[in-house]
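Some notes on the structure that comes next.
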Amino acid sequence: MIFFQKLSSHPFPVQAFFEQSFIVTCAVEKSILEKLIPAPLKLDTFQNHWGFVAMALVETKNLRPKGFPSILGNDFTLIGYRIFVRYTNVKGKNLRGLYILKSETDKRKMEFLGNIFTNYQYKTIDIQKSIHTNSILFLSKSGGFDICLKTDIESDIELPTNSPFANWQEARRFAGPLPFTFSVDNMRKEVVIVEGKREFWQPRPIEILKFSSNYIEHITKNQFQIASGFVVENIPYEWKAGRIEKFEI
């Protein structure tokens with residue numbers, strides 16, 4: 001049992017190339033999201049009122065254990081639903097990161113391996129991608145989402161109408177990915193901390209033409225508002241091996 005628990009704690013570093021990463025962040029009244037995160041994590045809030053859940057859609061290339069040749073890597077589309085959180089580690093340092101609610105992918109191989117080596121709850125879904133003159137559409141019947149983003153990147157993109165942010169600089173703090181990703185084993189009172197490393201990370205605002213997600217509607221009781229949208233492209237990315245810490249409540 002201990003062997004399998006360690007196996008699912010991100011036991012080795014992984015690297016990949018992000019061809020494109022689209023992030024849609026939704027603002028939710030903090031009391032709703034606080035119920036979704038386990039102790040000892042705490043919600044990362046804005047103006048002491050808003051918490052944030054984000055849906056990230058990442059097109060990866062050559063994903064593989066670090067050090068393996070790229071030819072042995074695999075190409076996947078990954079979708080992650082995550083909440084922005086904070087965690088105080090055993091040294092008393094306040095770490096800012098993401099708590100993964102669930103993950104989806106377009107290939108069963110990623111579901112199989114992802115659920116062996118992580119606790120991110122991967123599931124294989126259909127993902128349809130349509131590229132148009134000035135927009136890109138992602139649709140999934142089994143995943144229950146429908147997203148359309150404007151691909152003509154302009155310098156004067158406005159924030160979504162009901163965003164709590166005053167400007168894109170504020171919004172960037174809740175775009176992700178953040179330095180750390182956390183998963184929690186309450187039975188063993190353990191936190192798994194995975195640190196990400198990336199280069200040339202410069203998210204650009206993107207206009208959201210359409211967004212619906214059955215999952216976000218469900219977990220927020222449909223009480224969310226779109227806060228921001230960002231895109232990054234052509235990024236080498238690496239996840240370090242997971243680090244396990246004991247905690248007490």
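Naming works like this for the structure tokens: A, B, ... for the chains as they're shown, residue 1 at the start of each chain, ligands 1 onward in shown order.
Excluding region 88-98 of chain A itself and same-chain residues fewer than 6 positions from it, the residues having an atom within 6 Å of it are Arg82, Leu178, Phe180 and Thr181 of chain A, counting only C-alpha atoms.
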Written selection (N, CA, C and O atoms) as an mmCIF file, in the first residue's frame:
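Heads up, here's the output in again-v6.cif:
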data_model
loop_
_atom_site.group_PDB
_atom_site.id
_atom_site.type_symbol
_atom_site.label_atom_id
_atom_site.label_comp_id
_atom_site.auth_asym_id
_atom_site.auth_seq_id
_atom_site.Cartn_x
_atom_site.Cartn_y
_atom_site.Cartn_z
ATOM 1 N N ARG A 82 -8.694 23.826 -11.414
ATOM 2 C CA ARG A 82 -7.921 24.014 -10.197
ATOM 3 C C ARG A 82 -8.332 25.286 -9.468
ATOM 4 O O ARG A 82 -8.817 26.238 -10.078
ATOM 5 N N LEU A 178 0.985 28.497 -11.232
ATOM 6 C CA LEU A 178 1.759 29.045 -10.131
ATOM 7 C C LEU A 178 2.942 28.111 -9.832
ATOM 8 O O LEU A 178 3.014 27.007 -10.365
ATOM 9 N N PHE A 180 3.658 26.185 -7.464
ATOM 10 C CA PHE A 180 3.413 24.910 -6.789
ATOM 11 C C PHE A 180 2.014 24.372 -7.096
ATOM 12 O O PHE A 180 1.064 25.134 -7.293
ATOM 13 N N THR A 181 1.938 23.045 -7.099
ATOM 14 C CA THR A 181 0.663 22.344 -7.179
ATOM 15 C C THR A 181 0.592 21.397 -5.979
ATOM 16 O O THR A 181 1.575 20.730 -5.649
#
Using only C-alpha atoms, find each residue of region 16-80 of chain A with at least one atom at most 9 Å away from an atom of region 148-169 of chain A; report its shortest atom-to-atom pair and that distance in Å (one decimal), sort the rows by chain and rising residue number, and return the result as a tab-separated table.
residue	atom	partner	partner_atom	distance
A:Phe22	CA	A:Leu149	CA	8.9
A:Cys26	CA	A:Ser163	CA	8.4
A:Ala27	CA	A:Pro164	CA	7.4
A:Phe46	CA	A:Pro164	CA	8.6
A:Trp50	CA	A:Pro164	CA	8.1
Could you build a table of the residues in region 56-175 of chain A lying no more than 12 Å from region 32-36 of chain A, giving for each the nearest pair of atoms and their separation in Å rounded to one decimal place, using only C-alpha atoms, ordered by chain and ascending residue number, as a Markdown table?
| residue | atom | partner | partner_atom | distance |
| --- | --- | --- | --- | --- |
| A:Arg82 | CA | A:Leu36 | CA | 10.4 |
| A:Ile83 | CA | A:Leu33 | CA | 7.8 |
| A:Phe84 | CA | A:Leu33 | CA | 9.6 |
| A:Val85 | CA | A:Glu34 | CA | 9.6 |
| A:Arg86 | CA | A:Glu34 | CA | 11.8 |
| A:Tyr99 | CA | A:Leu36 | CA | 9.6 |
| A:Ile100 | CA | A:Leu36 | CA | 10.4 |
| A:Leu101 | CA | A:Leu36 | CA | 8.4 |
| A:Lys102 | CA | A:Leu36 | CA | 11.8 |
Residues of the last selection are to be written out with N, CA and C atoms, as an mmCIF file, in the first residue's frame.
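File again11.cif, as written:
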data_model
loop_
_atom_site.group_PDB
_atom_site.id
_atom_site.type_symbol
_atom_site.label_atom_id
_atom_site.label_comp_id
_atom_site.auth_asym_id
_atom_site.auth_seq_id
_atom_site.Cartn_x
_atom_site.Cartn_y
_atom_site.Cartn_z
ATOM 1 N N ARG A 82 -8.694 23.826 -11.414
ATOM 2 C CA ARG A 82 -7.921 24.014 -10.197
ATOM 3 C C ARG A 82 -8.332 25.286 -9.468
ATOM 4 N N ILE A 83 -8.116 25.276 -8.157
ATOM 5 C CA ILE A 83 -8.434 26.412 -7.299
ATOM 6 C C ILE A 83 -7.132 27.022 -6.807
ATOM 7 N N PHE A 84 -7.080 28.333 -6.734
ATOM 8 C CA PHE A 84 -5.889 29.037 -6.247
ATOM 9 C C PHE A 84 -5.865 28.997 -4.726
ATOM 10 N N VAL A 85 -4.761 28.476 -4.182
ATOM 11 C CA VAL A 85 -4.674 28.246 -2.743
ATOM 12 C C VAL A 85 -3.316 28.682 -2.209
ATOM 13 N N ARG A 86 -3.208 28.644 -0.879
ATOM 14 C CA ARG A 86 -1.939 28.864 -0.182
ATOM 15 C C ARG A 86 -1.722 27.732 0.814
ATOM 16 N N TYR A 99 -4.663 23.861 -6.266
ATOM 17 C CA TYR A 99 -5.215 22.587 -5.819
ATOM 18 C C TYR A 99 -6.029 22.018 -6.972
ATOM 19 N N ILE A 100 -5.653 20.835 -7.430
ATOM 20 C CA ILE A 100 -6.295 20.228 -8.591
ATOM 21 C C ILE A 100 -7.604 19.559 -8.180
ATOM 22 N N LEU A 101 -8.698 19.969 -8.801
ATOM 23 C CA LEU A 101 -9.998 19.348 -8.553
ATOM 24 C C LEU A 101 -10.169 18.091 -9.402
ATOM 25 N N LYS A 102 -9.857 18.202 -10.677
ATOM 26 C CA LYS A 102 -9.886 17.037 -11.562
ATOM 27 C C LYS A 102 -9.165 17.385 -12.843
#
Of A:Val28, A:Ser135, A:Phe145, A:Lys61, the one sitting nearest Ile79 (chain A) when using only C-alpha atoms is A:Phe145
Hey, which of A:Ala227, A:Leu139, A:Leu113, A:Ile193 ends up closest to Pro179 (chain A)? Count only C-alpha atoms.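 Between A:Ala227, A:Leu139, A:Leu113, A:Ile193, the residue approaching Pro179 (chain A) most closely is A:Ile193.
DSSP on the backbone gives alpha helix (DSSP H) for these parts of region 8-205 of chain A: Lys30, Ser31, Ile32, Leu33, Glu34, Arg108, Lys109, Met110, Glu111, Phe112, Leu113, Gly114, Asn115, Ile116, Phe117, Trp168, Gln169, Glu170, Ala171 and Arg172 of chain A.
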Would you save the residues from that selection as a short mmCIF file (atom, residue, chain, number, x, y, z; two decimals), in the first residue's frame, using N, CA and C atoms?
data_model
loop_
_atom_site.label_atom_id
_atom_site.label_comp_id
_atom_site.auth_asym_id
_atom_site.auth_seq_id
_atom_site.Cartn_x
_atom_site.Cartn_y
_atom_site.Cartn_z
N LYS A 30 -15.96 33.55 -1.90
CA LYS A 30 -14.99 32.67 -1.25
C LYS A 30 -15.63 31.54 -0.44
N SER A 31 -16.78 31.76 0.17
CA SER A 31 -17.38 30.73 1.02
C SER A 31 -17.74 29.48 0.21
N ILE A 32 -17.99 29.64 -1.07
CA ILE A 32 -18.33 28.49 -1.92
C ILE A 32 -17.10 27.64 -2.17
N LEU A 33 -15.98 28.27 -2.51
CA LEU A 33 -14.77 27.52 -2.84
C LEU A 33 -14.07 26.97 -1.60
N GLU A 34 -14.22 27.64 -0.47
CA GLU A 34 -13.58 27.16 0.76
C GLU A 34 -14.04 25.76 1.12
N ARG A 108 -6.33 7.83 -23.70
CA ARG A 108 -6.41 6.91 -22.57
C ARG A 108 -5.03 6.62 -21.97
N LYS A 109 -3.99 6.72 -22.76
CA LYS A 109 -2.65 6.48 -22.24
C LYS A 109 -2.31 7.48 -21.15
N MET A 110 -2.71 8.74 -21.36
CA MET A 110 -2.45 9.76 -20.35
C MET A 110 -3.31 9.52 -19.12
N GLU A 111 -4.55 9.10 -19.31
CA GLU A 111 -5.41 8.78 -18.17
C GLU A 111 -4.77 7.67 -17.34
N PHE A 112 -4.31 6.62 -18.00
CA PHE A 112 -3.74 5.47 -17.31
C PHE A 112 -2.49 5.85 -16.53
N LEU A 113 -1.53 6.49 -17.21
CA LEU A 113 -0.27 6.83 -16.56
C LEU A 113 -0.45 7.96 -15.55
N GLY A 114 -1.31 8.92 -15.90
CA GLY A 114 -1.54 10.04 -14.99
C GLY A 114 -2.13 9.61 -13.66
N ASN A 115 -2.99 8.60 -13.70
CA ASN A 115 -3.61 8.13 -12.47
C ASN A 115 -2.74 7.15 -11.69
N ILE A 116 -1.65 6.68 -12.31
CA ILE A 116 -0.67 5.89 -11.57
C ILE A 116 0.30 6.80 -10.82
N PHE A 117 0.77 7.83 -11.51
CA PHE A 117 1.86 8.64 -10.97
C PHE A 117 1.43 9.96 -10.33
N TRP A 168 -5.50 44.24 -16.16
CA TRP A 168 -4.91 42.95 -16.50
C TRP A 168 -3.75 42.58 -15.58
N GLN A 169 -3.11 43.57 -14.99
CA GLN A 169 -2.03 43.29 -14.05
C GLN A 169 -2.57 42.55 -12.83
N GLU A 170 -3.71 42.99 -12.31
CA GLU A 170 -4.34 42.27 -11.21
C GLU A 170 -4.76 40.87 -11.64
N ALA A 171 -5.32 40.77 -12.83
CA ALA A 171 -5.81 39.49 -13.32
C ALA A 171 -4.67 38.48 -13.51
N ARG A 172 -3.50 38.97 -13.88
CA ARG A 172 -2.36 38.07 -14.14
C ARG A 172 -1.99 37.25 -12.91
#
I'd like the neighbourhood of region 17-20 of chain A as number ranges by chain, where a residue qualifies if any of its atoms comes within 8 Å (using only C-alpha atoms), though same-chain residues fewer than 4 positions away should be ignored. A: 58-63, 231-237
Just the selected residues (N, CA, C and O atoms), exported as a PDB file, in the first residue's frame, please.
ATOM      1  N   VAL A  58      -4.385  22.757 -22.137  1.00  0.00           N
ATOM      2  CA  VAL A  58      -2.983  22.797 -22.540  1.00  0.00           C
ATOM      3  C   VAL A  58      -2.712  21.752 -23.615  1.00  0.00           C
ATOM      4  O   VAL A  58      -3.024  20.571 -23.430  1.00  0.00           O
ATOM      5  N   GLU A  59      -2.134  22.189 -24.719  1.00  0.00           N
ATOM      6  CA  GLU A  59      -1.722  21.275 -25.777  1.00  0.00           C
ATOM      7  C   GLU A  59      -0.228  21.012 -25.604  1.00  0.00           C
ATOM      8  O   GLU A  59       0.595  21.901 -25.834  1.00  0.00           O
ATOM      9  N   THR A  60       0.106  19.789 -25.167  1.00  0.00           N
ATOM     10  CA  THR A  60       1.490  19.460 -24.851  1.00  0.00           C
ATOM     11  C   THR A  60       2.112  18.602 -25.948  1.00  0.00           C
ATOM     12  O   THR A  60       1.419  17.856 -26.656  1.00  0.00           O
ATOM     13  N   LYS A  61       3.431  18.701 -26.056  1.00  0.00           N
ATOM     14  CA  LYS A  61       4.186  17.905 -27.021  1.00  0.00           C
ATOM     15  C   LYS A  61       5.374  17.266 -26.309  1.00  0.00           C
ATOM     16  O   LYS A  61       6.025  17.890 -25.476  1.00  0.00           O
ATOM     17  N   ASN A  62       5.625  16.009 -26.620  1.00  0.00           N
ATOM     18  CA  ASN A  62       6.792  15.284 -26.096  1.00  0.00           C
ATOM     19  C   ASN A  62       6.818  15.242 -24.564  1.00  0.00           C
ATOM     20  O   ASN A  62       7.858  15.442 -23.942  1.00  0.00           O
ATOM     21  N   LEU A  63       5.681  14.975 -23.955  1.00  0.00           N
ATOM     22  CA  LEU A  63       5.630  14.842 -22.496  1.00  0.00           C
ATOM     23  C   LEU A  63       6.280  13.515 -22.113  1.00  0.00           C
ATOM     24  O   LEU A  63       5.925  12.454 -22.628  1.00  0.00           O
ATOM     25  N   VAL A 231      -3.528  33.414 -22.743  1.00  0.00           N
ATOM     26  CA  VAL A 231      -2.922  32.382 -23.578  1.00  0.00           C
ATOM     27  C   VAL A 231      -1.408  32.531 -23.519  1.00  0.00           C
ATOM     28  O   VAL A 231      -0.888  33.649 -23.454  1.00  0.00           O
ATOM     29  N   VAL A 232      -0.715  31.394 -23.496  1.00  0.00           N
ATOM     30  CA  VAL A 232       0.736  31.371 -23.659  1.00  0.00           C
ATOM     31  C   VAL A 232       1.062  30.308 -24.700  1.00  0.00           C
ATOM     32  O   VAL A 232       0.323  29.331 -24.865  1.00  0.00           O
ATOM     33  N   GLU A 233       2.183  30.510 -25.391  1.00  0.00           N
ATOM     34  CA  GLU A 233       2.532  29.612 -26.486  1.00  0.00           C
ATOM     35  C   GLU A 233       4.020  29.286 -26.471  1.00  0.00           C
ATOM     36  O   GLU A 233       4.847  30.115 -26.072  1.00  0.00           O
ATOM     37  N   ASN A 234       4.341  28.060 -26.913  1.00  0.00           N
ATOM     38  CA  ASN A 234       5.721  27.636 -27.166  1.00  0.00           C
ATOM     39  C   ASN A 234       6.609  27.788 -25.930  1.00  0.00           C
ATOM     40  O   ASN A 234       7.596  28.535 -25.926  1.00  0.00           O
ATOM     41  N   ILE A 235       6.248  27.032 -24.872  1.00  0.00           N
ATOM     42  CA  ILE A 235       6.935  27.132 -23.593  1.00  0.00           C
ATOM     43  C   ILE A 235       7.521  25.779 -23.181  1.00  0.00           C
ATOM     44  O   ILE A 235       6.779  24.803 -23.025  1.00  0.00           O
ATOM     45  N   PRO A 236       8.841  25.679 -22.977  1.00  0.00           N
ATOM     46  CA  PRO A 236       9.399  24.473 -22.338  1.00  0.00           C
ATOM     47  C   PRO A 236       8.965  24.452 -20.874  1.00  0.00           C
ATOM     48  O   PRO A 236       9.063  25.470 -20.181  1.00  0.00           O
ATOM     49  N   TYR A 237       8.513  23.308 -20.397  1.00  0.00           N
ATOM     50  CA  TYR A 237       7.980  23.231 -19.035  1.00  0.00           C
ATOM     51  C   TYR A 237       8.495  21.974 -18.357  1.00  0.00           C
ATOM     52  O   TYR A 237       8.710  20.945 -19.001  1.00  0.00           O
TER      53      TYR A 237
END
Between CA of Tyr122 (chain A) and CA of Glu104 (chain A), what is the distance in Å, rounded to a tenth? 5.1 Å
Any idea what's packed within 10 Å of Ile244 (chain A), counting only C-alpha atoms, ignoring anything in its chain fewer than 2 positions away? Could you give it as a short mmCIF file (atom, residue, chain, number, x, y, z; two decimals) with C-alpha atoms, in the first residue's frame?
data_model
loop_
_atom_site.label_atom_id
_atom_site.label_comp_id
_atom_site.auth_asym_id
_atom_site.auth_seq_id
_atom_site.Cartn_x
_atom_site.Cartn_y
_atom_site.Cartn_z
CA LYS A 6 4.45 6.89 -3.07
CA SER A 9 2.97 11.20 -5.51
CA HIS A 10 4.66 12.42 -8.71
CA PHE A 182 -0.74 20.57 -4.11
CA SER A 183 -2.60 17.35 -3.44
CA VAL A 184 -3.69 16.18 0.01
CA GLU A 190 0.25 14.30 4.00
CA VAL A 191 0.59 17.07 1.43
CA VAL A 192 2.30 16.36 -1.90
CA ILE A 193 4.03 19.45 -3.25
CA VAL A 194 5.02 19.57 -6.93
CA ALA A 241 9.47 15.24 -8.40
CA GLY A 242 6.83 15.55 -5.69
CA LYS A 246 3.25 15.64 7.09
CA PHE A 247 0.75 18.05 8.57
#
As a list in words, please: every residue in region 154-214 of chain A that a backbone DSSP assignment puts in strand (DSSP E). Phe180, Thr181, Phe182, Ser183, Val184, Asp185, Glu190, Val191, Val192, Ile193, Val194, Glu195, Gly196, Lys197, Arg198, Arg204, Pro205, Ile208, Leu209, Lys210, Phe211, Ser212 and Ser213 of chain A
Using only C-alpha atoms, find the one residue out of A:Thr220, A:Ser8, A:Asn186, A:Asn134 that sits nearest to Arg243 (chain A).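 Ranking A:Thr220, A:Ser8, A:Asn186, A:Asn134 by distance to Arg243 (chain A), first place goes to A:Ser8.
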Would you compute the distance between CA of Pro13 (chain A) and CA of Pro203 (chain A)? Give it in Å to one decimal.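 Taking CA of Pro13 (chain A) as the start and CA of Pro203 (chain A) as the end point, the length is 24.0 Å.
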With distances taken over only C-alpha atoms, which of A:Gly80, A:Trp201, A:Arg188, A:Val14 is nearest to Ala54 (chain A)?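 Once distances to Ala54 (chain A) are computed over only C-alpha atoms, the minimum belongs to A:Gly80.
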